[in-house]
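Colleague: A single structure is presented below for examination.
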Amino acid sequence: MKKLFTFLTLLYLAHSAIAQQEPMFTKYMFNSLIFNPGYAGSKEHMSIGLLHRTQWYEIEGAPTTQTFTLHTPLRNDRVGVGFSLVNDKIGPSNTAGANIVYAYRIPMGKFKLSFGLQAGVENYRADWSELNLDEELDVAYLDPVNKFMPNFGAGLYFYGKNFYVGGSVPHLVEYDLRTEQNLAIYARQIRHYYFMAGAAIPLNGDALIFKPSILLKNAGWDKRSSKLDAFKDIGAPNEFDLDLSLLFQETLWVGAAFRSAFDAFGSNAASSYDSADIWVSYLMKNGFRFGAAYDYPLTELSNVTSGAFEIMLGYEFNFQEKKVVTPRYF
């Protein structure tokens, strides 16, 4: 299969189905710091996480993503800090970014309200020579791209032991990704918006916990007020991940999820089902956590790929022989 065909096919499917630019994750609850800086320190102990995702693994040039997160509260209980790394590759393009995170947390009875800020930089690179172009002089693909893009993000996270809700914008600054500004073809980094909520419902004390959660994502809903006419019609269906899971004995966590989209803002982008997902996570006695997830595509992609998978590793520092001192369910 030619790389050009693969790359254009991926771009088309991403646009026509769920045109989100930022990477998606099935196990989003294990790397929430990537998209909400208000999450920093919320586990009340230091937590480290590594995640790898391979999307549409039989297709050449399909997306692969890696993330690293570390966050902890400080001795001043109201402050949480963190650090994150993201590497996202699709076809001949690669985006790598790093962020430092600060969160200020205000106690509100049994709950806390966290205001989070992050600052970092992304490097966007694209080597178009990897493509087999039908027209070798296509001006849109003449020059390789290598851009460093400083950025900022903000988020709110309201949480307690058995409940959380939050919202965030991880990248406030938008960038033009073109190498030639006079090109009629636009390539632009679009601002994304996230909303998250979840609960932990005891079914048999701490021995069995039912945990529903949802993550909503949107790209481009604010473009109708853009000063740039070329971007007023840019938008994407709102993507949502609905997850239902069970936590056994605060160690074994199994779940199923459904990812789809809905067009709430009247854009021309089509809504569609995306995937049905299953996943499992296990917290060991020494504080190590490992897990895996599998996504089965519900689109026409199922004709050419079996789906996507994720692998996760983590470590929880505040851990005793039998259980976490103060169990955190999120």
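Each chain in the structure tokens gets a letter, A, B and so on, in the order shown; residues start at 1 in every chain, and ligands are counted from 1 in the order they appear.
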Could you list, as a PyMOL selection string, every residue within 9 Å of Pro202 in chain A, counting only C-alpha atoms and ignoring same-chain residues fewer than 5 positions away?
Modeller: chain A and resi 162+207-211
Colleague: If we count only C-alpha atoms, what is near range 36-42 of chain A at a cut-off of 10 Å, once residues fewer than 3 positions away on the same chain are taken out, given as number ranges by chain?
Modeller: A: 31-33, 45-47, 69-74, 77-84, 99-105, 112-119, 153-161, 166-170, 193-196, 328, 330
Colleague: Rounded to one decimal in Å, what is the spacing between CA of Ser260 in chain A and CA of Leu216 in chain A?
Modeller: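 So the answer is 10.0 Å.
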Colleague: Determine, counting only C-alpha atoms, which protein, DNA and RNA residues have an atom within 6 Å of an atom of His52 in chain A; residues of the same chain fewer than 6 positions away are not included. Present the result as a ChimeraX atom specification.
Modeller: /A:65-66,310-311
Colleague: For the residues selected in the previous step, produce a file with N, CA, C and O atoms as a JSON list (two decimals), in the first residue's frame.
Modeller:
```
[["chain", "number", "residue", "atom", "x", "y", "z"],
["A", 65, "THR", "N", 0.85, 6.80, 19.79],
["A", 65, "THR", "CA", 0.98, 7.85, 20.79],
["A", 65, "THR", "C", 1.57, 7.28, 22.07],
["A", 65, "THR", "O", 1.22, 6.18, 22.50],
["A", 66, "GLN", "N", 2.46, 8.07, 22.68],
["A", 66, "GLN", "CA", 3.02, 7.73, 23.99],
["A", 66, "GLN", "C", 2.87, 8.93, 24.92],
["A", 66, "GLN", "O", 3.04, 10.08, 24.48],
["A", 310, "GLU", "N", -4.04, -0.28, 23.75],
["A", 310, "GLU", "CA", -3.25, 0.55, 24.64],
["A", 310, "GLU", "C", -2.62, -0.33, 25.72],
["A", 310, "GLU", "O", -3.20, -1.34, 26.14],
["A", 311, "ILE", "N", -1.43, 0.07, 26.15],
["A", 311, "ILE", "CA", -0.74, -0.57, 27.27],
["A", 311, "ILE", "C", -0.37, 0.52, 28.27],
["A", 311, "ILE", "O", 0.13, 1.58, 27.87]]
```
Colleague: Which residue out of A:Pro212, A:Asn318, A:Met284, A:Asp88 has the minimum interatomic distance to Glu44 in chain A when only C-alpha atoms are used?
Modeller: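 That would be A:Asn318, the residue with the smallest distance to Glu44 in chain A.
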Colleague: Select from range 18-210 of chain A everything DSSP, run on the backbone, classes as helix (DSSP H, G or I), then give the selection as a PDB file with C-alpha atoms, in the first residue's frame.
Modeller:
```pdb
ATOM      1  CA  TYR A  28      -8.149   8.473  29.736  1.00  0.00           C
ATOM      2  CA  MET A  29      -8.731   8.161  33.485  1.00  0.00           C
ATOM      3  CA  PHE A  30      -5.114   7.005  33.874  1.00  0.00           C
ATOM      4  CA  SER A  32      -6.033  12.815  32.925  1.00  0.00           C
ATOM      5  CA  LEU A  33      -3.151  15.230  33.509  1.00  0.00           C
ATOM      6  CA  ILE A  34      -2.570  15.266  29.719  1.00  0.00           C
ATOM      7  CA  PRO A  37      -3.939  20.569  34.576  1.00  0.00           C
ATOM      8  CA  GLY A  38      -6.416  20.881  37.456  1.00  0.00           C
ATOM      9  CA  TYR A  39      -5.929  17.131  38.036  1.00  0.00           C
ATOM     10  CA  TRP A 128       6.737  15.029   3.103  1.00  0.00           C
ATOM     11  CA  SER A 129       9.518  13.189   1.249  1.00  0.00           C
ATOM     12  CA  GLU A 130       8.183  10.013   2.883  1.00  0.00           C
ATOM     13  CA  VAL A 139       3.374  23.266  -3.416  1.00  0.00           C
ATOM     14  CA  ALA A 140       1.635  22.007  -0.269  1.00  0.00           C
ATOM     15  CA  TYR A 141       4.300  19.310   0.145  1.00  0.00           C
TER      16      TYR A 141
END
```
